[in-house]
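Structure file work-v3.txt; described as compact mmCIF, N, CA and C atoms and all ligand atoms.
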```txt
# COMPACT_ATOMS: atom_id res chain seq x y z
N MET A 1 0.85 -1.20 0.00
CA MET A 1 0.00 0.00 0.00
C MET A 1 0.88 1.24 0.00
N THR A 2 0.80 2.01 -1.00
CA THR A 2 1.59 3.24 -0.99
C THR A 2 0.71 4.47 -1.09
N LEU A 3 1.14 5.47 -0.37
CA LEU A 3 0.40 6.72 -0.34
C LEU A 3 1.29 7.84 -0.87
N SER A 4 2.05 7.51 -1.87
CA SER A 4 3.07 8.45 -2.30
C SER A 4 2.45 9.70 -2.92
N GLY A 5 1.26 9.58 -3.47
CA GLY A 5 0.63 10.75 -4.07
C GLY A 5 1.45 11.34 -5.20
N GLY A 6 2.12 10.49 -5.94
CA GLY A 6 2.94 10.97 -7.05
C GLY A 6 4.30 11.46 -6.62
N ARG A 7 4.63 11.30 -5.36
CA ARG A 7 5.95 11.76 -4.89
C ARG A 7 7.04 10.81 -5.36
N ILE A 8 8.17 11.40 -5.65
CA ILE A 8 9.31 10.64 -6.18
C ILE A 8 10.55 11.05 -5.41
N CYS A 9 11.33 10.07 -5.03
CA CYS A 9 12.57 10.35 -4.30
C CYS A 9 13.51 11.19 -5.16
N PRO A 10 13.97 12.34 -4.63
CA PRO A 10 14.86 13.19 -5.43
C PRO A 10 16.23 12.57 -5.63
N ASP A 11 16.58 11.59 -4.82
CA ASP A 11 17.89 10.97 -4.95
C ASP A 11 17.92 9.88 -6.01
N CYS A 12 16.94 8.99 -5.95
CA CYS A 12 17.05 7.81 -6.82
C CYS A 12 15.87 7.70 -7.78
N GLY A 13 14.87 8.56 -7.64
CA GLY A 13 13.77 8.54 -8.59
C GLY A 13 12.72 7.49 -8.30
N SER A 14 12.86 6.78 -7.20
CA SER A 14 11.88 5.75 -6.87
C SER A 14 10.58 6.39 -6.39
N ASP A 15 9.47 5.75 -6.72
CA ASP A 15 8.20 6.25 -6.20
C ASP A 15 7.72 5.37 -5.03
N ARG A 16 8.59 4.50 -4.56
CA ARG A 16 8.23 3.70 -3.40
C ARG A 16 8.57 4.48 -2.14
N VAL A 17 7.71 5.39 -1.79
CA VAL A 17 7.97 6.26 -0.64
C VAL A 17 6.80 6.18 0.33
N ASP A 18 7.14 6.36 1.59
CA ASP A 18 6.14 6.49 2.64
C ASP A 18 5.96 7.97 2.93
N PHE A 19 4.75 8.43 2.80
CA PHE A 19 4.47 9.84 2.99
C PHE A 19 3.88 10.08 4.37
N VAL A 20 4.45 11.01 5.10
CA VAL A 20 3.93 11.36 6.41
C VAL A 20 3.42 12.78 6.36
N GLN A 21 2.10 12.89 6.52
CA GLN A 21 1.49 14.21 6.41
C GLN A 21 1.50 14.91 7.76
N ARG A 22 1.80 16.16 7.73
CA ARG A 22 1.87 16.93 8.95
C ARG A 22 0.51 17.00 9.63
N GLY A 23 0.53 16.83 10.97
CA GLY A 23 -0.66 17.09 11.75
C GLY A 23 -1.62 15.92 11.84
N LEU A 24 -1.45 14.91 11.02
CA LEU A 24 -2.34 13.77 11.15
C LEU A 24 -1.94 12.94 12.36
N ALA A 25 -2.92 12.30 12.95
CA ALA A 25 -2.63 11.45 14.10
C ALA A 25 -1.67 10.36 13.67
N GLY A 26 -0.62 10.20 14.44
CA GLY A 26 0.37 9.19 14.10
C GLY A 26 1.11 8.76 15.33
N PRO A 27 2.03 7.87 15.15
CA PRO A 27 2.80 7.36 16.29
C PRO A 27 3.64 8.45 16.95
N ILE A 28 4.17 9.36 16.16
CA ILE A 28 4.90 10.48 16.73
C ILE A 28 4.13 11.74 16.38
N ASN A 29 4.26 12.75 17.18
CA ASN A 29 3.53 13.96 16.81
C ASN A 29 4.25 14.63 15.66
N ALA A 30 3.55 14.73 14.56
CA ALA A 30 4.18 15.12 13.31
C ALA A 30 4.10 16.62 13.12
N THR A 31 5.23 17.28 13.37
CA THR A 31 5.26 18.71 13.08
C THR A 31 5.86 18.95 11.71
N ASP A 32 6.48 17.95 11.17
CA ASP A 32 7.05 18.07 9.84
C ASP A 32 6.29 17.16 8.87
N GLN A 33 6.35 17.54 7.62
CA GLN A 33 5.77 16.69 6.59
C GLN A 33 6.90 16.22 5.68
N TYR A 34 6.95 14.93 5.45
CA TYR A 34 8.09 14.40 4.71
C TYR A 34 7.72 13.07 4.08
N TYR A 35 8.59 12.56 3.25
CA TYR A 35 8.42 11.21 2.78
C TYR A 35 9.76 10.49 2.79
N ARG A 36 9.69 9.20 3.02
CA ARG A 36 10.89 8.39 3.13
C ARG A 36 10.91 7.37 2.00
N CYS A 37 12.05 7.30 1.36
CA CYS A 37 12.20 6.40 0.21
C CYS A 37 12.53 4.99 0.68
N HIS A 38 11.84 4.02 0.14
CA HIS A 38 12.14 2.63 0.47
C HIS A 38 13.40 2.14 -0.22
N ALA A 39 13.69 2.69 -1.36
CA ALA A 39 14.80 2.19 -2.16
C ALA A 39 16.15 2.62 -1.57
N CYS A 40 16.29 3.89 -1.20
CA CYS A 40 17.60 4.37 -0.74
C CYS A 40 17.55 4.89 0.69
N GLY A 41 16.37 5.01 1.26
CA GLY A 41 16.27 5.42 2.66
C GLY A 41 16.27 6.91 2.88
N ARG A 42 16.35 7.70 1.82
CA ARG A 42 16.39 9.13 1.99
C ARG A 42 15.06 9.68 2.53
N VAL A 43 15.17 10.63 3.43
CA VAL A 43 14.00 11.34 3.92
C VAL A 43 13.97 12.71 3.27
N THR A 44 12.87 13.03 2.63
CA THR A 44 12.72 14.30 1.94
C THR A 44 11.65 15.12 2.63
N TYR A 45 12.03 16.29 3.09
CA TYR A 45 11.07 17.13 3.81
C TYR A 45 10.28 18.01 2.85
N GLU A 46 9.00 18.15 3.15
CA GLU A 46 8.16 19.06 2.37
C GLU A 46 7.77 20.28 3.19
N ILE A 47 7.48 20.05 4.46
CA ILE A 47 7.11 21.15 5.34
C ILE A 47 7.82 20.94 6.67
N VAL A 48 8.52 21.95 7.14
CA VAL A 48 9.10 21.89 8.47
C VAL A 48 8.58 23.07 9.29
N THR A 49 8.59 22.93 10.59
CA THR A 49 8.09 23.96 11.48
C THR A 49 9.27 24.68 12.13
N ARG A 50 9.22 25.99 12.10
CA ARG A 50 10.31 26.77 12.67
C ARG A 50 9.75 27.93 13.48
N THR A 51 10.56 28.42 14.42
CA THR A 51 10.22 29.65 15.13
C THR A 51 10.84 30.83 14.39
N SER A 52 10.42 32.04 14.75
CA SER A 52 10.95 33.21 14.06
C SER A 52 12.45 33.33 14.29
N ARG A 53 12.91 32.92 15.46
CA ARG A 53 14.34 32.97 15.73
C ARG A 53 15.10 32.02 14.80
N GLU A 54 14.54 30.85 14.62
CA GLU A 54 15.18 29.89 13.72
C GLU A 54 15.15 30.39 12.28
N LEU A 55 14.08 31.06 11.91
CA LEU A 55 14.01 31.61 10.55
C LEU A 55 15.13 32.63 10.35
N ARG A 56 15.30 33.49 11.35
CA ARG A 56 16.35 34.51 11.24
C ARG A 56 17.73 33.89 11.26
N ALA A 57 17.94 32.99 12.21
CA ALA A 57 19.26 32.38 12.36
C ALA A 57 19.64 31.60 11.10
N GLY A 58 18.66 30.95 10.50
CA GLY A 58 18.95 30.15 9.31
C GLY A 58 18.79 30.92 8.02
N ARG A 59 18.44 32.22 8.15
CA ARG A 59 18.17 33.06 6.98
C ARG A 59 17.20 32.35 6.04
N ILE A 60 16.14 31.88 6.61
CA ILE A 60 15.16 31.14 5.82
C ILE A 60 14.15 32.14 5.26
N GLU A 61 14.18 32.28 3.95
CA GLU A 61 13.26 33.19 3.26
C GLU A 61 12.85 32.51 1.96
N PRO A 62 11.67 32.88 1.46
CA PRO A 62 11.25 32.31 0.18
C PRO A 62 12.29 32.56 -0.90
N GLY A 63 12.60 31.53 -1.66
CA GLY A 63 13.55 31.67 -2.75
C GLY A 63 14.96 31.28 -2.37
N ARG A 64 15.24 31.24 -1.07
CA ARG A 64 16.58 30.86 -0.65
C ARG A 64 16.74 29.35 -0.64
N VAL A 65 17.99 28.94 -0.73
CA VAL A 65 18.29 27.51 -0.60
C VAL A 65 18.87 27.28 0.79
N ILE A 66 18.29 26.35 1.50
CA ILE A 66 18.78 26.04 2.84
C ILE A 66 19.13 24.56 2.90
N ARG A 67 19.85 24.19 3.93
CA ARG A 67 20.16 22.78 4.12
C ARG A 67 19.43 22.27 5.34
N THR A 68 18.76 21.15 5.18
CA THR A 68 18.05 20.51 6.27
C THR A 68 18.39 19.04 6.25
N ALA A 69 18.86 18.54 7.37
CA ALA A 69 19.18 17.11 7.48
C ALA A 69 20.09 16.65 6.35
N GLY A 70 21.04 17.50 5.99
CA GLY A 70 22.06 17.08 5.05
C GLY A 70 21.70 17.24 3.58
N HIS A 71 20.52 17.81 3.30
CA HIS A 71 20.14 18.00 1.91
C HIS A 71 19.76 19.45 1.66
N SER A 72 19.88 19.85 0.41
CA SER A 72 19.54 21.22 0.05
C SER A 72 18.08 21.32 -0.38
N TYR A 73 17.46 22.39 0.06
CA TYR A 73 16.08 22.64 -0.32
C TYR A 73 15.93 24.11 -0.67
N SER A 74 15.07 24.40 -1.61
CA SER A 74 14.72 25.79 -1.80
C SER A 74 13.41 26.05 -1.06
N VAL A 75 13.32 27.23 -0.49
CA VAL A 75 12.14 27.60 0.29
C VAL A 75 11.07 28.11 -0.65
N ARG A 76 9.93 27.44 -0.65
CA ARG A 76 8.85 27.86 -1.55
C ARG A 76 8.04 28.97 -0.93
N ARG A 77 7.63 28.77 0.29
CA ARG A 77 6.92 29.83 0.98
C ARG A 77 6.91 29.57 2.46
N ILE A 78 6.56 30.60 3.21
CA ILE A 78 6.54 30.51 4.66
C ILE A 78 5.17 30.99 5.14
N LEU A 79 4.60 30.21 6.00
CA LEU A 79 3.25 30.49 6.47
C LEU A 79 3.27 30.59 7.99
N LYS A 80 2.76 31.69 8.51
CA LYS A 80 2.69 31.84 9.96
C LYS A 80 1.46 31.11 10.47
N ILE A 81 1.65 30.25 11.45
CA ILE A 81 0.50 29.49 11.94
C ILE A 81 0.28 29.66 13.42
N GLY A 82 1.19 30.27 14.10
CA GLY A 82 1.00 30.44 15.55
C GLY A 82 1.67 31.72 15.99
N LEU A 83 1.68 31.94 17.27
CA LEU A 83 2.29 33.14 17.82
C LEU A 83 3.74 33.25 17.35
N ASP A 84 4.42 32.14 17.44
CA ASP A 84 5.82 32.12 17.01
C ASP A 84 6.12 30.79 16.33
N GLU A 85 5.28 30.46 15.39
CA GLU A 85 5.44 29.20 14.70
C GLU A 85 5.16 29.40 13.22
N TYR A 86 6.08 28.91 12.42
CA TYR A 86 5.98 29.11 10.98
C TYR A 86 6.13 27.78 10.27
N LEU A 87 5.33 27.61 9.24
CA LEU A 87 5.50 26.46 8.36
C LEU A 87 6.39 26.89 7.20
N VAL A 88 7.43 26.12 6.98
CA VAL A 88 8.33 26.41 5.87
C VAL A 88 8.13 25.32 4.82
N TYR A 89 7.67 25.73 3.64
CA TYR A 89 7.43 24.79 2.55
C TYR A 89 8.70 24.65 1.73
N LEU A 90 9.13 23.42 1.55
CA LEU A 90 10.42 23.17 0.91
C LEU A 90 10.26 22.39 -0.38
N ARG A 91 11.24 22.58 -1.24
CA ARG A 91 11.34 21.76 -2.44
C ARG A 91 12.80 21.33 -2.59
N PRO A 92 13.06 20.06 -2.87
CA PRO A 92 14.45 19.63 -3.01
C PRO A 92 15.16 20.46 -4.05
N ALA A 93 16.37 20.93 -3.71
CA ALA A 93 17.08 21.85 -4.59
C ALA A 93 18.27 21.21 -5.26
N GLU A 94 18.45 19.93 -5.03
CA GLU A 94 19.59 19.28 -5.66
C GLU A 94 19.24 18.91 -7.09
N ASP A 95 20.25 18.44 -7.79
CA ASP A 95 20.01 17.87 -9.10
C ASP A 95 18.91 16.84 -9.00
N PRO A 96 17.89 16.97 -9.81
CA PRO A 96 16.90 15.90 -9.77
C PRO A 96 17.50 14.61 -10.31
N PHE A 97 17.32 13.56 -9.57
CA PHE A 97 17.75 12.22 -10.00
C PHE A 97 19.19 12.19 -10.51
N PRO A 98 20.16 12.42 -9.64
CA PRO A 98 21.55 12.42 -10.12
C PRO A 98 21.94 11.11 -10.78
N ARG A 99 21.24 10.05 -10.42
CA ARG A 99 21.61 8.76 -11.01
C ARG A 99 20.88 8.52 -12.34
N LEU A 100 19.99 9.41 -12.68
CA LEU A 100 19.28 9.28 -13.96
C LEU A 100 19.50 10.56 -14.75
N ARG A 101 20.72 10.93 -14.84
CA ARG A 101 21.12 12.23 -15.33
C ARG A 101 20.55 12.62 -16.68
N ARG A 102 20.20 11.62 -17.47
CA ARG A 102 19.93 11.95 -18.86
C ARG A 102 18.68 12.77 -19.06
N GLN A 103 17.82 12.85 -18.05
CA GLN A 103 16.66 13.73 -18.19
C GLN A 103 17.14 15.17 -18.13
N GLY A 104 17.68 15.66 -19.22
CA GLY A 104 18.34 16.96 -19.21
C GLY A 104 17.39 18.06 -18.77
N GLN A 105 17.77 18.75 -17.72
CA GLN A 105 16.95 19.87 -17.26
C GLN A 105 17.52 21.17 -17.80
N GLY A 106 18.63 21.08 -18.51
CA GLY A 106 19.19 22.25 -19.15
C GLY A 106 19.71 23.29 -18.19
N GLN A 107 20.07 22.86 -16.99
CA GLN A 107 20.51 23.84 -16.00
C GLN A 107 21.93 23.54 -15.54
N GLU A 108 22.72 22.94 -16.41
CA GLU A 108 24.09 22.60 -16.02
C GLU A 108 24.93 23.86 -15.90
N ARG A 109 25.69 23.95 -14.80
CA ARG A 109 26.58 25.06 -14.65
C ARG A 109 27.99 24.60 -14.47
ZN ZN A 201 15.51 7.05 -3.00
```

Can the structure from this file be put into structure tokens for me?
Amino acid sequence: MTLSGGRICPDCGSDRVDFVQRGLAGPINATDQYYRCHACGRVTYEIVTRTSRELRAGRIEPGRVIRTAGHSYSVRRILKIGLDEYLVYLRPAEDPFPRLRRQGQGQER
């Protein structure tokens, strides 16, 4: 049973991922939204929760590239949800599918 919702691992391109949606009842209290790849084990974050201090310290702003848990992400948008709580929407910023390079994205530098 997969609930990938069309999600694909940015590392290996596998669609065998477990998706954990933020805020749904689960074994751990989920403040982040992410999916984990069965093929390579990578965890890819989609939404993380930060305080305003963390936003400032990490210079997290829309359009910037940040590193979270060892991977690069570009910040899509930031949503304030509490007194001092922000949802940071992320998109993987690395080369898509480094092992399947031939899908030329035309962005080689
Ligand atoms: Zn993978």

Kindly assemble as a tab-separated table a list of the chain A residues that lie within 7 Å of ligand ZN 201 (chain A), each paired with its nearest atom pair and their distance in Å to one decimal, using only N, CA and C atoms and all ligand atoms, sorted first by chain and then by ascending residue number.
```
residue	atom	partner	partner_atom	distance
A:Ile8	C	A:ZN201	ZN	6.8
A:Cys9	CA	A:ZN201	ZN	4.6
A:Pro10	N	A:ZN201	ZN	5.7
A:Asp11	C	A:ZN201	ZN	4.8
A:Cys12	N	A:ZN201	ZN	3.8
A:Gly13	N	A:ZN201	ZN	4.9
A:Ser14	N	A:ZN201	ZN	5.0
A:Arg36	C	A:ZN201	ZN	6.8
A:Cys37	CA	A:ZN201	ZN	4.7
A:His38	N	A:ZN201	ZN	5.7
A:Ala39	C	A:ZN201	ZN	4.7
A:Cys40	N	A:ZN201	ZN	3.7
A:Gly41	N	A:ZN201	ZN	4.8
A:Arg42	N	A:ZN201	ZN	4.9
```

Take the residues that were just selected and, keeping N, CA and C atoms, output them as a compact mmCIF listing (two decimals), in the frame of the given file.
```txt
# COMPACT_ATOMS: atom_id res chain seq x y z
N ILE A 8 8.17 11.40 -5.65
CA ILE A 8 9.31 10.64 -6.18
C ILE A 8 10.55 11.05 -5.41
N CYS A 9 11.33 10.07 -5.03
CA CYS A 9 12.57 10.35 -4.30
C CYS A 9 13.51 11.19 -5.16
N PRO A 10 13.97 12.34 -4.63
CA PRO A 10 14.86 13.19 -5.43
C PRO A 10 16.23 12.57 -5.63
N ASP A 11 16.58 11.59 -4.82
CA ASP A 11 17.89 10.97 -4.95
C ASP A 11 17.92 9.88 -6.01
N CYS A 12 16.94 8.99 -5.95
CA CYS A 12 17.05 7.81 -6.82
C CYS A 12 15.87 7.70 -7.78
N GLY A 13 14.87 8.56 -7.64
CA GLY A 13 13.77 8.54 -8.59
C GLY A 13 12.72 7.49 -8.30
N SER A 14 12.86 6.78 -7.20
CA SER A 14 11.88 5.75 -6.87
C SER A 14 10.58 6.39 -6.39
N ARG A 36 9.69 9.20 3.02
CA ARG A 36 10.89 8.39 3.13
C ARG A 36 10.91 7.37 2.00
N CYS A 37 12.05 7.30 1.36
CA CYS A 37 12.20 6.40 0.21
C CYS A 37 12.53 4.99 0.68
N HIS A 38 11.84 4.02 0.14
CA HIS A 38 12.14 2.63 0.47
C HIS A 38 13.40 2.14 -0.22
N ALA A 39 13.69 2.69 -1.36
CA ALA A 39 14.80 2.19 -2.16
C ALA A 39 16.15 2.62 -1.57
N CYS A 40 16.29 3.89 -1.20
CA CYS A 40 17.60 4.37 -0.74
C CYS A 40 17.55 4.89 0.69
N GLY A 41 16.37 5.01 1.26
CA GLY A 41 16.27 5.42 2.66
C GLY A 41 16.27 6.91 2.88
N ARG A 42 16.35 7.70 1.82
CA ARG A 42 16.39 9.13 1.99
C ARG A 42 15.06 9.68 2.53
```

A:Thr49, A:Ser74, A:Thr44, A:Gln21: which is nearest A:Leu90, counting all atoms listed in the file?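 Answer, going by the shortest atom-to-atom distance: A:Ser74.
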
Between atom C of A:Leu87 and atom CA of A:Thr31, measure the distance and give it in Å to one decimal. 10.1 Å

Find, counting all atoms listed in the file, the residue in A:Arg16, A:Ile47, A:Ile66, A:Glu54 that gets nearest to A:Tyr89. A:Ile47

Distance in Å - atom CA of A:Thr51 versus atom CA of A:Arg7: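 We find that atom CA of A:Thr51 and atom CA of A:Arg7 lie 27.2 Å from each other.
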
Identify, on the basis of all atoms listed in the file, every residue whose closest approach to A:Arg64 does not exceed 8 Å; exclude the query and any residue fewer than 4 positions from it along the same chain; express the result as a ChimeraX atom specification. /A:59-60,73-76

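The two atoms in question, atom CA of A:Gln33 and atom CA of A:Asp84, are spaced 18.6 Å apart.
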
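Nearest-residue note for A:Ile78: choosing from A:Val48, A:Tyr35, A:Ala57, A:Val65, the minimum distance belongs to A:Val48, counting only C-alpha atoms.
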